[in-house]
Structures are given as C-alpha cells and as structure tokens.
file input_10.pdb (PDB, C-alpha atoms)
ATOM      1  CA  SER A 950     101.644 131.681  99.504
ATOM      2  CA  LEU A 951      98.594 133.446 100.914
ATOM      3  CA  SER A 952      95.025 132.360 100.181
ATOM      4  CA  TYR A 953      91.659 133.743 101.192
ATOM      5  CA  THR A 954      88.352 131.971 100.535
ATOM      6  CA  ASP A 955      84.790 133.087 101.161
ATOM      7  CA  PRO A 956      82.767 129.825 100.974
ATOM      8  CA  TYR A 957      79.467 131.729 100.758
ATOM      9  CA  PHE A 958      80.270 134.549  98.367
ATOM     10  CA  THR A 959      76.628 134.203  97.299
ATOM     11  CA  PRO A 960      73.699 132.823  99.331
ATOM     12  CA  ASP A 961      73.551 129.849  96.928
ATOM     13  CA  GLY A 962      76.948 128.604  98.099
ATOM     14  CA  ILE A 963      79.177 129.902  95.311
ATOM     15  CA  SER A 964      82.643 130.452  96.760
ATOM     16  CA  ARG A 965      85.245 133.017  95.778
ATOM     17  CA  GLY A 966      88.933 132.965  96.655
ATOM     18  CA  PHE A 967      92.117 134.931  96.076
ATOM     19  CA  ASP A 968      95.690 133.633  95.946
ATOM     20  CA  LEU A 969      99.036 135.410  96.148
ATOM     21  CA  TYR A 970     102.320 133.479  95.944
ATOM     22  CA  ARG A 971     106.070 133.491  95.496
ATOM     23  CA  ARG A 972     107.705 130.096  94.888
ATOM     24  CA  ASP A 973     111.393 129.218  94.544
ATOM     25  CA  VAL A 974     112.534 125.821  93.278
ATOM     26  CA  ASP A 975     116.093 124.456  93.325
ATOM     27  CA  THR A 976     116.389 120.966  91.810
ATOM     28  CA  GLN A 977     120.034 120.490  92.817
ATOM     29  CA  SER A 978     119.261 117.794  95.422
ATOM     30  CA  LEU A 979     116.575 116.038  93.350
ATOM     31  CA  ASP A 980     116.949 113.284  90.773
ATOM     32  CA  ILE A 981     115.709 115.533  87.969
ATOM     33  CA  GLY A 982     117.315 117.896  85.453
ATOM     34  CA  THR A 983     119.104 120.862  87.016
ATOM     35  CA  TYR A 984     117.371 124.243  86.995
ATOM     36  CA  ASN A 985     116.275 127.003  89.370
ATOM     37  CA  SER A 986     112.955 128.798  89.099
ATOM     38  CA  SER A 987     111.402 131.793  90.830
ATOM     39  CA  SER A 988     107.684 132.350  90.315
ATOM     40  CA  TYR A 989     105.310 134.968  91.598
ATOM     41  CA  GLY A 990     101.690 135.535  90.766
ATOM     42  CA  ALA A 991      98.143 136.244  91.847
ATOM     43  CA  GLY A 992      94.818 134.670  91.006
ATOM     44  CA  VAL A 993      91.101 134.574  91.610
ATOM     45  CA  ARG A 994      88.932 131.419  91.687
ATOM     46  CA  PHE A 995      85.287 130.482  92.031
ATOM     47  CA  GLY A 996      83.574 127.293  93.157
ATOM     48  CA  LEU A 997      80.053 126.193  92.280
ATOM     49  CA  PRO A 998      78.300 123.296  94.045
ATOM     50  CA  LEU A 999      76.317 121.417  91.383
ATOM     51  CA  SER A1000      74.803 118.952  93.863
ATOM     52  CA  GLU A1001      75.574 117.389  97.213
ATOM     53  CA  ARG A1002      78.297 115.281  95.566
ATOM     54  CA  ASP A1003      79.427 117.358  92.582
ATOM     55  CA  PHE A1004      81.464 120.549  92.469
ATOM     56  CA  PHE A1005      82.686 122.795  89.634
ATOM     57  CA  SER A1006      85.597 125.240  89.945
ATOM     58  CA  ALA A1007      87.229 127.848  87.724
ATOM     59  CA  GLY A1008      90.098 130.260  88.190
ATOM     60  CA  LEU A1009      92.422 132.731  86.473
ATOM     61  CA  THR A1010      96.062 133.269  87.524
ATOM     62  CA  ALA A1011      98.661 135.786  86.340
ATOM     63  CA  ASP A1012     102.157 134.281  86.667
ATOM     64  CA  SER A1013     105.755 135.265  85.987
ATOM     65  CA  THR A1014     108.405 132.536  86.164
ATOM     66  CA  LYS A1015     112.148 133.168  85.892
ATOM     67  CA  ILE A1016     114.265 130.145  84.919
ATOM     68  CA  GLU A1017     118.000 129.865  85.623
ATOM     69  CA  LEU A1018     120.004 127.144  83.875
ATOM     70  CA  SER A1019     123.546 125.813  84.098
ATOM     71  CA  SER A1020     125.906 123.986  81.777
ATOM     72  CA  ASN A1021     124.627 120.736  83.340
ATOM     73  CA  SER A1022     121.000 121.451  82.408
ATOM     74  CA  PRO A1023     119.399 119.071  79.851
ATOM     75  CA  LYS A1024     119.300 120.082  76.185
ATOM     76  CA  GLN A1025     115.484 120.252  76.358
ATOM     77  CA  TYR A1026     115.731 122.981  79.005
ATOM     78  CA  LEU A1027     118.377 124.929  77.078
ATOM     79  CA  ASP A1028     116.346 124.736  73.863
ATOM     80  CA  PHE A1029     113.297 126.146  75.638
ATOM     81  CA  CYS A1030     115.286 129.193  76.757
ATOM     82  CA  GLY A1031     116.913 129.689  73.349
ATOM     83  CA  ASN A1032     120.232 128.124  74.406
ATOM     84  CA  SER A1033     120.814 130.901  76.939
ATOM     85  CA  SER A1034     121.491 130.679  80.673
ATOM     86  CA  GLY A1035     117.876 131.427  81.510
ATOM     87  CA  CYS A1036     114.611 133.054  80.521
ATOM     88  CA  THR A1037     111.559 134.740  82.029
ATOM     89  CA  ASN A1038     108.037 133.738  81.025
ATOM     90  CA  THR A1039     104.818 135.578  81.820
ATOM     91  CA  SER A1040     101.447 133.915  81.373
ATOM     92  CA  LEU A1041      97.768 134.162  82.166
ATOM     93  CA  GLN A1042      96.527 130.706  83.108
ATOM     94  CA  LEU A1043      92.908 129.572  83.063
ATOM     95  CA  SER A1044      91.911 126.503  85.095
ATOM     96  CA  VAL A1045      88.616 124.624  85.368
ATOM     97  CA  GLY A1046      87.723 121.481  87.265
ATOM     98  CA  TRP A1047      84.936 119.075  88.161
ATOM     99  CA  THR A1048      84.851 116.861  91.266
ATOM    100  CA  HIS A1049      82.456 114.085  92.254
ATOM    101  CA  ASP A1050      82.938 112.839  95.820
ATOM    102  CA  SER A1051      80.685 110.197  97.389
ATOM    103  CA  ARG A1052      83.208 108.953  99.983
ATOM    104  CA  ASP A1053      81.909 108.386 103.498
ATOM    105  CA  ASN A1054      85.077 109.880 105.018
ATOM    106  CA  THR A1055      87.664 112.149 103.405
ATOM    107  CA  LEU A1056      90.550 110.968 105.622
ATOM    108  CA  PHE A1057      89.981 107.198 105.935
ATOM    109  CA  PRO A1058      87.214 106.257 103.452
ATOM    110  CA  ASN A1059      85.516 102.845 103.634
ATOM    111  CA  LYS A1060      83.263 103.218 100.606
ATOM    112  CA  GLY A1061      82.454 105.650  97.824
ATOM    113  CA  VAL A1062      84.018 107.192  94.733
ATOM    114  CA  LEU A1063      86.235 110.208  94.135
ATOM    115  CA  GLN A1064      86.415 111.487  90.554
ATOM    116  CA  ARG A1065      88.318 114.600  89.562
ATOM    117  CA  LEU A1066      88.828 116.162  86.121
ATOM    118  CA  THR A1067      90.978 119.294  85.817
ATOM    119  CA  ALA A1068      92.137 121.365  82.855
ATOM    120  CA  GLU A1069      94.704 124.167  82.759
ATOM    121  CA  ALA A1070      95.657 126.304  79.767
ATOM    122  CA  SER A1071      97.538 129.506  79.134
ATOM    123  CA  VAL A1072      95.698 132.390  77.476
ATOM    124  CA  PRO A1073      97.140 133.303  74.010
ATOM    125  CA  GLY A1074      99.177 136.447  73.595
ATOM    126  CA  LEU A1075     101.878 136.023  76.258
ATOM    127  CA  ASP A1076     105.029 133.902  76.537
ATOM    128  CA  LEU A1077     103.549 130.455  77.213
ATOM    129  CA  GLN A1078     101.186 128.445  75.013
ATOM    130  CA  PHE A1079     100.332 125.174  76.764
ATOM    131  CA  TYR A1080      97.496 123.038  78.088
ATOM    132  CA  LYS A1081      97.358 120.335  80.746
ATOM    133  CA  LEU A1082      94.601 117.772  81.441
ATOM    134  CA  GLU A1083      94.365 115.411  84.428
ATOM    135  CA  TYR A1084      91.795 112.797  85.457
ATOM    136  CA  LYS A1085      91.570 110.755  88.660
ATOM    137  CA  HIS A1086      89.130 107.955  89.602
ATOM    138  CA  ALA A1087      89.387 106.364  93.054
ATOM    139  CA  TRP A1088      86.938 103.609  94.109
ATOM    140  CA  TYR A1089      86.606 102.457  97.735
ATOM    141  CA  LYS A1090      84.790  99.272  98.758
ATOM    142  CA  GLU A1091      84.438  97.776 102.254
ATOM    143  CA  VAL A1092      85.103  94.072 101.548
ATOM    144  CA  PHE A1093      84.952  93.015 105.211
ATOM    145  CA  LYS A1094      84.294  94.897 108.437
ATOM    146  CA  ASP A1095      86.965  97.597 108.780
ATOM    147  CA  THR A1096      88.750  96.219 105.691
ATOM    148  CA  THR A1097      88.663  98.429 102.595
ATOM    149  CA  LEU A1098      89.845  97.930  99.025
ATOM    150  CA  LEU A1099      91.004 100.948  97.008
ATOM    151  CA  LEU A1100      91.370 100.901  93.226
ATOM    152  CA  ASN A1101      92.792 104.143  91.831
ATOM    153  CA  GLY A1102      93.586 105.247  88.294
ATOM    154  CA  GLU A1103      95.058 108.531  87.048
ATOM    155  CA  LEU A1104      95.794 109.928  83.595
ATOM    156  CA  GLY A1105      97.565 113.095  82.539
ATOM    157  CA  TYR A1106      98.093 114.686  79.125
ATOM    158  CA  ALA A1107      99.803 117.980  78.236
ATOM    159  CA  GLY A1108     101.183 119.828  75.242
ATOM    160  CA  SER A1109     101.599 123.158  73.475
ATOM    161  CA  TYR A1110      98.985 124.575  71.111
ATOM    162  CA  GLY A1111     101.170 127.099  69.309
ATOM    163  CA  SER A1112     104.607 127.307  67.763
ATOM    164  CA  ASP A1113     106.333 127.651  71.153
ATOM    165  CA  LYS A1114     107.777 124.663  72.983
ATOM    166  CA  TYR A1115     105.966 123.134  75.956
ATOM    167  CA  PRO A1116     107.369 124.573  79.227
ATOM    168  CA  PHE A1117     109.496 121.808  80.738
ATOM    169  CA  PHE A1118     108.822 123.054  84.291
ATOM    170  CA  LYS A1119     105.177 122.023  83.775
ATOM    171  CA  ASN A1120     106.146 118.389  83.048
ATOM    172  CA  PHE A1121     104.524 115.453  84.830
ATOM    173  CA  TYR A1122     106.682 113.423  87.206
ATOM    174  CA  ILE A1123     105.996 110.069  88.829
ATOM    175  CA  GLY A1124     107.555 108.070  91.633
ATOM    176  CA  GLY A1125     107.404 108.523  95.397
ATOM    177  CA  VAL A1126     105.074 107.983  98.304
ATOM    178  CA  ASN A1127     102.009 109.409  96.490
ATOM    179  CA  SER A1128     102.351 107.564  93.165
ATOM    180  CA  VAL A1129     104.584 104.538  92.510
ATOM    181  CA  ARG A1130     106.084 103.744  95.873
ATOM    182  CA  GLY A1131     109.521 102.178  96.084
ATOM    183  CA  TYR A1132     110.960 104.683  93.606
ATOM    184  CA  ASP A1133     112.484 108.056  94.430
ATOM    185  CA  ASN A1134     110.333 111.169  93.985
ATOM    186  CA  GLY A1135     109.912 111.892  90.268
ATOM    187  CA  ALA A1136     112.521 109.285  89.323
ATOM    188  CA  ILE A1137     110.475 107.261  86.805
ATOM    189  CA  GLY A1138     110.233 108.118  83.117
ATOM    190  CA  PRO A1139     112.376 109.827  80.450
ATOM    191  CA  ARG A1140     115.962 110.520  81.472
ATOM    192  CA  ASP A1141     118.889 112.563  80.229
ATOM    193  CA  VAL A1142     122.615 112.127  80.826
ATOM    194  CA  ASP A1143     125.121 114.771  81.898
ATOM    195  CA  THR A1144     128.005 114.212  79.485
ATOM    196  CA  LYS A1145     130.496 115.755  81.945
ATOM    197  CA  THR A1146     129.654 113.577  84.959
ATOM    198  CA  ASN A1147     127.938 110.718  83.086
ATOM    199  CA  GLN A1148     125.100 110.946  85.629
ATOM    200  CA  SER A1149     121.516 110.200  84.602
ATOM    201  CA  PHE A1150     118.514 112.210  85.806
ATOM    202  CA  ALA A1151     114.766 112.324  85.182
ATOM    203  CA  ILE A1152     113.283 115.094  83.033
ATOM    204  CA  GLY A1153     109.576 114.226  83.292
ATOM    205  CA  GLY A1154     107.108 113.966  80.440
ATOM    206  CA  THR A1155     103.857 115.244  78.961
ATOM    207  CA  ARG A1156     101.812 112.054  79.493
ATOM    208  CA  ARG A1157     101.237 110.274  82.786
ATOM    209  CA  VAL A1158      99.688 106.898  83.684
ATOM    210  CA  LEU A1159      99.181 105.655  87.244
ATOM    211  CA  ALA A1160      97.288 102.732  88.800
ATOM    212  CA  ASN A1161      97.123 101.678  92.464
ATOM    213  CA  ALA A1162      95.478  98.766  94.248
ATOM    214  CA  GLU A1163      95.552  98.957  98.036
ATOM    215  CA  LEU A1164      93.945  96.943 100.844
ATOM    216  CA  PHE A1165      93.477  98.817 104.136
ATOM    217  CA  ILE A1166      93.090  96.975 107.449
ATOM    218  CA  PRO A1167      92.892  98.159 111.075
ATOM    219  CA  VAL A1168      95.939  97.937 113.325
ATOM    220  CA  PRO A1169      95.790  94.635 115.268
ATOM    221  CA  LEU A1170      95.336  94.809 119.057
ATOM    222  CA  LEU A1171      94.557  98.529 118.877
ATOM    223  CA  LYS A1172      91.130  99.239 120.380
ATOM    224  CA  ASN A1173      90.637 102.677 118.841
ATOM    225  CA  SER A1174      92.024 102.405 115.309
ATOM    226  CA  SER A1175      90.057 105.286 113.783
ATOM    227  CA  GLN A1176      93.303 107.260 113.427
ATOM    228  CA  PHE A1177      95.514 104.376 112.237
ATOM    229  CA  ARG A1178      95.438 102.078 109.228
ATOM    230  CA  LEU A1179      97.737  99.433 107.802
ATOM    231  CA  SER A1180      97.792  98.640 104.085
ATOM    232  CA  ALA A1181      99.234  96.338 101.456
ATOM    233  CA  PHE A1182      99.575  97.818  97.972
ATOM    234  CA  PHE A1183     100.538  97.257  94.341
ATOM    235  CA  ASP A1184     101.456 100.271  92.170
ATOM    236  CA  ALA A1185     102.106 100.751  88.458
ATOM    237  CA  GLY A1186     102.894 103.882  86.466
ATOM    238  CA  ASN A1187     105.141 105.871  84.161
ATOM    239  CA  VAL A1188     105.465 109.192  82.344
ATOM    240  CA  TYR A1189     106.251 109.579  78.641
ATOM    241  CA  ALA A1190     107.836 112.283  76.509
ATOM    242  CA  ASP A1191     106.303 113.704  73.308
ATOM    243  CA  ASN A1192     108.464 111.522  71.078
ATOM    244  CA  GLU A1193     107.767 108.313  73.017
ATOM    245  CA  SER A1194     105.001 105.829  72.307
ATOM    246  CA  LEU A1195     102.672 105.180  75.221
ATOM    247  CA  SER A1196     103.815 101.616  75.882
ATOM    248  CA  LEU A1197     102.364  99.725  78.827
ATOM    249  CA  GLY A1198     105.444  97.523  78.676
ATOM    250  CA  GLU A1199     107.438 100.467  80.077
ATOM    251  CA  LEU A1200     105.344 100.692  83.250
ATOM    252  CA  ARG A1201     107.210 100.421  86.551
ATOM    253  CA  TYR A1202     105.743  98.217  89.278
ATOM    254  CA  SER A1203     106.123  98.089  93.042
ATOM    255  CA  THR A1204     104.545  96.436  96.063
ATOM    256  CA  GLY A1205     104.823  96.782  99.811
ATOM    257  CA  LEU A1206     103.236  97.686 103.137
ATOM    258  CA  GLY A1207     102.275 101.032 104.616
ATOM    259  CA  VAL A1208     100.944 102.616 107.782
ATOM    260  CA  SER A1209      98.875 105.822 107.934
ATOM    261  CA  TRP A1210      98.358 107.860 111.106
ATOM    262  CA  PHE A1211      96.326 111.016 111.588
ATOM    263  CA  SER A1212      98.748 112.389 114.200
ATOM    264  CA  PRO A1213      98.505 115.609 116.260
ATOM    265  CA  PHE A1214     101.194 117.006 113.926
ATOM    266  CA  GLY A1215      99.200 116.238 110.783
ATOM    267  CA  PRO A1216      98.714 113.221 108.479
ATOM    268  CA  LEU A1217     101.699 110.870 108.578
ATOM    269  CA  LYS A1218     102.529 108.058 106.170
ATOM    270  CA  LEU A1219     105.298 105.445 106.421
ATOM    271  CA  VAL A1220     105.911 102.996 103.558
ATOM    272  CA  PHE A1221     108.085  99.903 103.123
ATOM    273  CA  ALA A1222     108.196  99.241  99.385
ATOM    274  CA  LYS A1223     109.956  97.034  96.844
ATOM    275  CA  ALA A1224     110.479  98.149  93.241
ATOM    276  CA  LEU A1225     109.695  95.091  91.108
ATOM    277  CA  ASN A1226     111.148  95.975  87.695
ATOM    278  CA  ALA A1227     113.495  98.918  88.141
ATOM    279  CA  LYS A1228     115.648  99.786  85.143
ATOM    280  CA  GLU A1229     119.390 100.378  85.333
ATOM    281  CA  ASN A1230     119.209 104.136  86.020
ATOM    282  CA  ASP A1231     116.048 104.173  88.170
ATOM    283  CA  GLN A1232     116.524 105.494  91.694
ATOM    284  CA  THR A1233     114.746 103.284  94.255
ATOM    285  CA  GLN A1234     113.873 103.655  97.949
ATOM    286  CA  THR A1235     112.837 100.907 100.374
ATOM    287  CA  LEU A1236     111.656 103.202 103.186
ATOM    288  CA  GLN A1237     109.592 106.313 102.411
ATOM    289  CA  PHE A1238     108.050 108.841 104.794
ATOM    290  CA  GLN A1239     105.630 111.747 104.460
ATOM    291  CA  LEU A1240     104.248 114.214 106.989
ATOM    292  CA  GLY A1241     101.738 116.990 106.473
ATOM    293  CA  GLN A1242      99.855 116.090 103.300
ATOM    294  CA  GLN A1243      96.566 114.319 102.732
ATOM    295  CA  PHE A1244      96.726 110.629 101.907
TER     296      PHE A1244
END

call {"tool": "encode", "arguments": {"input": "input_10.pdb", "output": "structure tokens"}}
result
Amino acid sequence: SLSYTDPYFTPDGISRGFDLYRRDVDTQSLDIGTYNSSSYGAGVRFGLPLSERDFFSAGLTADSTKIELSSNSPKQYLDFCGNSSGCTNTSLQLSVGWTHDSRDNTLFPNKGVLQRLTAEASVPGLDLQFYKLEYKHAWYKEVFKDTTLLLNGELGYAGSYGSDKYPFFKNFYIGGVNSVRGYDNGAIGPRDVDTKTNQSFAIGGTRRVLANAELFIPVPLLKNSSQFRLSAFFDAGNVYADNESLSLGELRYSTGLGVSWFSPFGPLKLVFAKALNAKENDQTQTLQFQLGQQF
C-alpha cells in the first residue's frame, strides 16, 4: 500500500490524502474459514480538525476484491459466491469518522479519554451493499503515581441494506493480543465444521462486543521506565452472527499479565494470558507476542 497525506491542504488545517493498495489474504494457516482474496483499489480522504481535541474524517475508496474458495470453505462463503469456486466484487465505499482524544500521551497515556466513532458503507449500484459501524471508548485514570487504570469498551455492528448478502470477508473477528487475550487471533465467536476433516474454524460475525480493564505499573528497579510498562488485565468479548441473539452469557473471559516496550524496532508487546471460560472448540494461547503496531 502507498499513502500520501498533506496535513495542511488548506491554511485552516484541513488535510487531504491519497491511498493506493493491493492486498492478498490467504487464510490457510489461520483458525478461520478457508478462502483467498486479492484486493486492489484507490481512495481519497479528508480530515477536518473541529477543535484541539476533536477530529472529523471522510473518505471514498474504489475497490475490487476477487475471492477464491475451495471445497473446504464454509457454506456461508459458498452461498455468497453463488455456490461457485469464487467471485469478484467491485464497490465504491464511503467512510466517515469522528475522534475525540484528550490523552496526555498517545503511546503510554496516564489520563484522558479516547473516543472514536467510524462508519463505512458501500455506494448503491455496484456489487456490494453493506454498512459497518464501530465505536470505541477508552478511559485512562492515574490512580497512583505512575500507576494508570484503563477501562475500554468497543462495539461493532454491520449488515446489508439491500437484497444481496453481507460480504463475509468484512466480518468482525475477536481474539488475540489486541482484543481478548489468551485466545488465538480471531478464534472467538461463530464456528463452522469441515465435514471432511471434522475440524472446526471461526467464521466471524456482524456484531462485536469487547471490554478491557487494565492496570499499568512501571517496571520495578528500572530508573527510566518511560519506555516500559507492566500491566495486569481482564478481558471480555465475543462476536455474533446475524441469526444469533446478543447474549452476554456467551462472552469469553481472560486474565493475565503483559509488558509493553517502545523498542528501537517499534512498539513491542508480550502477554501471558489465561482463558477463563474457553469452549470446547476455542483455540487458546498462553503466550502472545506483537511487534510493530500501536498498543
């Protein structure tokens, strides 16, 4: 992907950016339904600062996604492509978003609030007819010196607005180092079974619920701990399919310890987690690692 942004497209601080991408996805090694996708597209986006803390964004992207399926692909995937071995979908996608950020530090916050509301929808007239809404609210409070409490909640809702089916490759997934730790990436939620191998795999869903409580403390005996933090956490979350009721009794829970380091190679995160109520087919992980993404 290539991106270009002019942060001062106008003297008032309105930004303008362009994006060009080609993305290939192969789910063979993941714990989700089998499919391959190749996407390419281009887009333009604008950003408008509403105040020192608030920001509005909007963008338009033209996308073409080719899907390849196999005999092991879930029935939901095959139905979307008309029971064929694949399909190609073109779309024009409109996105808008609002962000409120009063955190005192974007990397290791001690106090403040981050709120983010985003909406994405395809423009009528092409192959896809879908919408996707996401909301995030993260609250940071310094309870003692250099000790910070984080309470985070996230909601997601998606669906189709026409007669076409919702594109399964736009599904929400949950599980992994950035959501419910102690579970494999995307492993929580609705599952399907391969009748040939009798193996179960996640297929994602159109509704997503996530909650995190985390206590950050400095690393003991380390004089300069501005680049390191230890944490203890409790996570809860799940995703739900269209035909499922949004039951809080189906939430998955986990707890554990983590360490974050802003290393010379980029942000690094190491997690030791325990899944508290894993179901029979849930894939769990005790040790999880991430390098190169924001915390």

call {"tool": "residues_around", "arguments": {"input": "input_10.pdb", "residues": "A:Ser1196", "least_positions_apart": "2", "cutoff": "12 Å", "atoms": "all atoms listed in the file", "output": "list in words"}}
result
Gly1138, Arg1156, Arg1157, Val1158, Gly1186, Asn1187, Val1188, Tyr1189, Ala1190, Asn1192, Glu1193, Ser1194, Gly1198, Glu1199, Leu1200 and Arg1201 of chain A

call {"tool": "write_last_selection", "arguments": {"input": "input_10.pdb", "atoms": "C-alpha atoms", "output": "PDB file, in the frame of the given file"}}
result
ATOM      1  CA  GLY A1138     110.233 108.118  83.117  1.00  0.00           C
ATOM      2  CA  ARG A1156     101.812 112.054  79.493  1.00  0.00           C
ATOM      3  CA  ARG A1157     101.237 110.274  82.786  1.00  0.00           C
ATOM      4  CA  VAL A1158      99.688 106.898  83.684  1.00  0.00           C
ATOM      5  CA  GLY A1186     102.894 103.882  86.466  1.00  0.00           C
ATOM      6  CA  ASN A1187     105.141 105.871  84.161  1.00  0.00           C
ATOM      7  CA  VAL A1188     105.465 109.192  82.344  1.00  0.00           C
ATOM      8  CA  TYR A1189     106.251 109.579  78.641  1.00  0.00           C
ATOM      9  CA  ALA A1190     107.836 112.283  76.509  1.00  0.00           C
ATOM     10  CA  ASN A1192     108.464 111.522  71.078  1.00  0.00           C
ATOM     11  CA  GLU A1193     107.767 108.313  73.017  1.00  0.00           C
ATOM     12  CA  SER A1194     105.001 105.829  72.307  1.00  0.00           C
ATOM     13  CA  GLY A1198     105.444  97.523  78.676  1.00  0.00           C
ATOM     14  CA  GLU A1199     107.438 100.467  80.077  1.00  0.00           C
ATOM     15  CA  LEU A1200     105.344 100.692  83.250  1.00  0.00           C
ATOM     16  CA  ARG A1201     107.210 100.421  86.551  1.00  0.00           C
TER      17      ARG A1201
END

call {"tool": "closest_residue", "arguments": {"input": "input_10.pdb", "among": "A:Thr1096, A:Leu999, A:Leu969, A:Asn1021", "to": "A:Pro1169", "atoms": "only C-alpha atoms"}}
result
A:Thr1096

call {"tool": "resolve_selection", "arguments": {"input": "input_10.pdb", "expression": "the PyMOL selection byres ((chain A and resi 1203) around 8)", "output": "list in words"}}
result
Val1129, Arg1130, Gly1131, Phe1183, Asp1184, Ala1185, Arg1201, Tyr1202, Thr1204, Gly1205, Ala1222, Lys1223, Ala1224, Leu1225 and Asn1226 of chain A

call {"tool": "residues_near_point", "arguments": {"input": "input_10.pdb", "point": "(89.0, 104.8, 89.4)", "cutoff": "12 Å", "atoms": "all atoms listed in the file", "output": "ChimeraX atom specification"}}
result
/A:1049-1050,1061-1066,1084-1090,1098-1104,1159-1162

call {"tool": "atom_distance", "arguments": {"input": "input_10.pdb", "atom1": "atom CA of A:Ser1180", "atom2": "atom CA of A:Gly1124"}}
result
18.4 Å

call {"tool": "build_atoms", "arguments": {"input": "input_10.pdb", "residues": "stretch 1112-1120 of chain A", "atoms": "all heavy atoms", "output": "compact mmCIF listing (two decimals), keeping the file's coordinate frame"}}
result
# COMPACT_ATOMS: atom_id res chain seq x y z
N SER A 1112 103.28 127.62 68.30
CA SER A 1112 104.61 127.31 67.76
C SER A 1112 105.66 127.20 68.86
O SER A 1112 106.75 126.67 68.62
CB SER A 1112 105.02 128.40 66.77
OG SER A 1112 105.02 129.68 67.40
N ASP A 1113 105.36 127.70 70.06
CA ASP A 1113 106.33 127.65 71.15
C ASP A 1113 106.43 126.25 71.73
O ASP A 1113 105.49 125.45 71.66
CB ASP A 1113 105.94 128.63 72.27
CG ASP A 1113 106.04 130.08 71.82
OD1 ASP A 1113 106.78 130.33 70.84
OD2 ASP A 1113 105.38 130.94 72.42
N LYS A 1114 107.56 125.96 72.36
CA LYS A 1114 107.78 124.66 72.98
C LYS A 1114 106.99 124.58 74.30
O LYS A 1114 106.73 125.59 74.95
CB LYS A 1114 109.27 124.43 73.26
CG LYS A 1114 110.13 124.39 71.99
CD LYS A 1114 111.58 124.14 72.34
CE LYS A 1114 112.44 124.14 71.08
NZ LYS A 1114 112.08 123.04 70.17
N TYR A 1115 106.65 123.35 74.68
CA TYR A 1115 105.97 123.13 75.96
C TYR A 1115 106.92 123.47 77.10
O TYR A 1115 108.10 123.05 77.07
CB TYR A 1115 105.51 121.67 76.05
CG TYR A 1115 104.79 121.36 77.34
CD1 TYR A 1115 103.44 121.69 77.49
CD2 TYR A 1115 105.44 120.74 78.39
CE1 TYR A 1115 102.77 121.41 78.67
CE2 TYR A 1115 104.78 120.45 79.57
CZ TYR A 1115 103.45 120.79 79.70
OH TYR A 1115 102.79 120.51 80.87
N PRO A 1116 106.48 124.22 78.11
CA PRO A 1116 107.37 124.57 79.23
C PRO A 1116 107.75 123.35 80.06
O PRO A 1116 106.89 122.71 80.66
CB PRO A 1116 106.53 125.57 80.04
CG PRO A 1116 105.11 125.29 79.66
CD PRO A 1116 105.13 124.82 78.24
N PHE A 1117 109.03 123.03 80.08
CA PHE A 1117 109.50 121.81 80.74
C PHE A 1117 109.19 121.80 82.24
O PHE A 1117 109.03 120.73 82.83
CB PHE A 1117 111.00 121.63 80.52
CG PHE A 1117 111.85 122.69 81.16
CD1 PHE A 1117 112.25 122.58 82.47
CD2 PHE A 1117 112.23 123.82 80.45
CE1 PHE A 1117 113.03 123.57 83.08
CE2 PHE A 1117 113.01 124.81 81.04
CZ PHE A 1117 113.41 124.69 82.36
N PHE A 1118 109.09 123.00 82.86
CA PHE A 1118 108.82 123.05 84.29
C PHE A 1118 107.36 122.74 84.61
O PHE A 1118 106.97 122.73 85.78
CB PHE A 1118 109.23 124.42 84.86
CG PHE A 1118 108.72 125.61 84.09
CD1 PHE A 1118 107.51 126.20 84.39
CD2 PHE A 1118 109.47 126.14 83.04
CE1 PHE A 1118 107.04 127.29 83.69
CE2 PHE A 1118 109.01 127.25 82.32
CZ PHE A 1118 107.79 127.81 82.64
N LYS A 1119 106.55 122.48 83.59
CA LYS A 1119 105.18 122.02 83.78
C LYS A 1119 105.05 120.51 83.54
O LYS A 1119 103.94 119.98 83.54
CB LYS A 1119 104.24 122.76 82.82
CG LYS A 1119 104.06 124.25 83.11
CD LYS A 1119 103.19 124.46 84.33
CE LYS A 1119 102.86 125.93 84.54
NZ LYS A 1119 101.95 126.13 85.70
N ASN A 1120 106.17 119.82 83.34
CA ASN A 1120 106.15 118.39 83.05
C ASN A 1120 105.51 117.58 84.19
O ASN A 1120 105.53 118.00 85.36
CB ASN A 1120 107.57 117.87 82.83
CG ASN A 1120 108.02 118.03 81.39
OD1 ASN A 1120 107.23 118.40 80.52
ND2 ASN A 1120 109.29 117.78 81.13
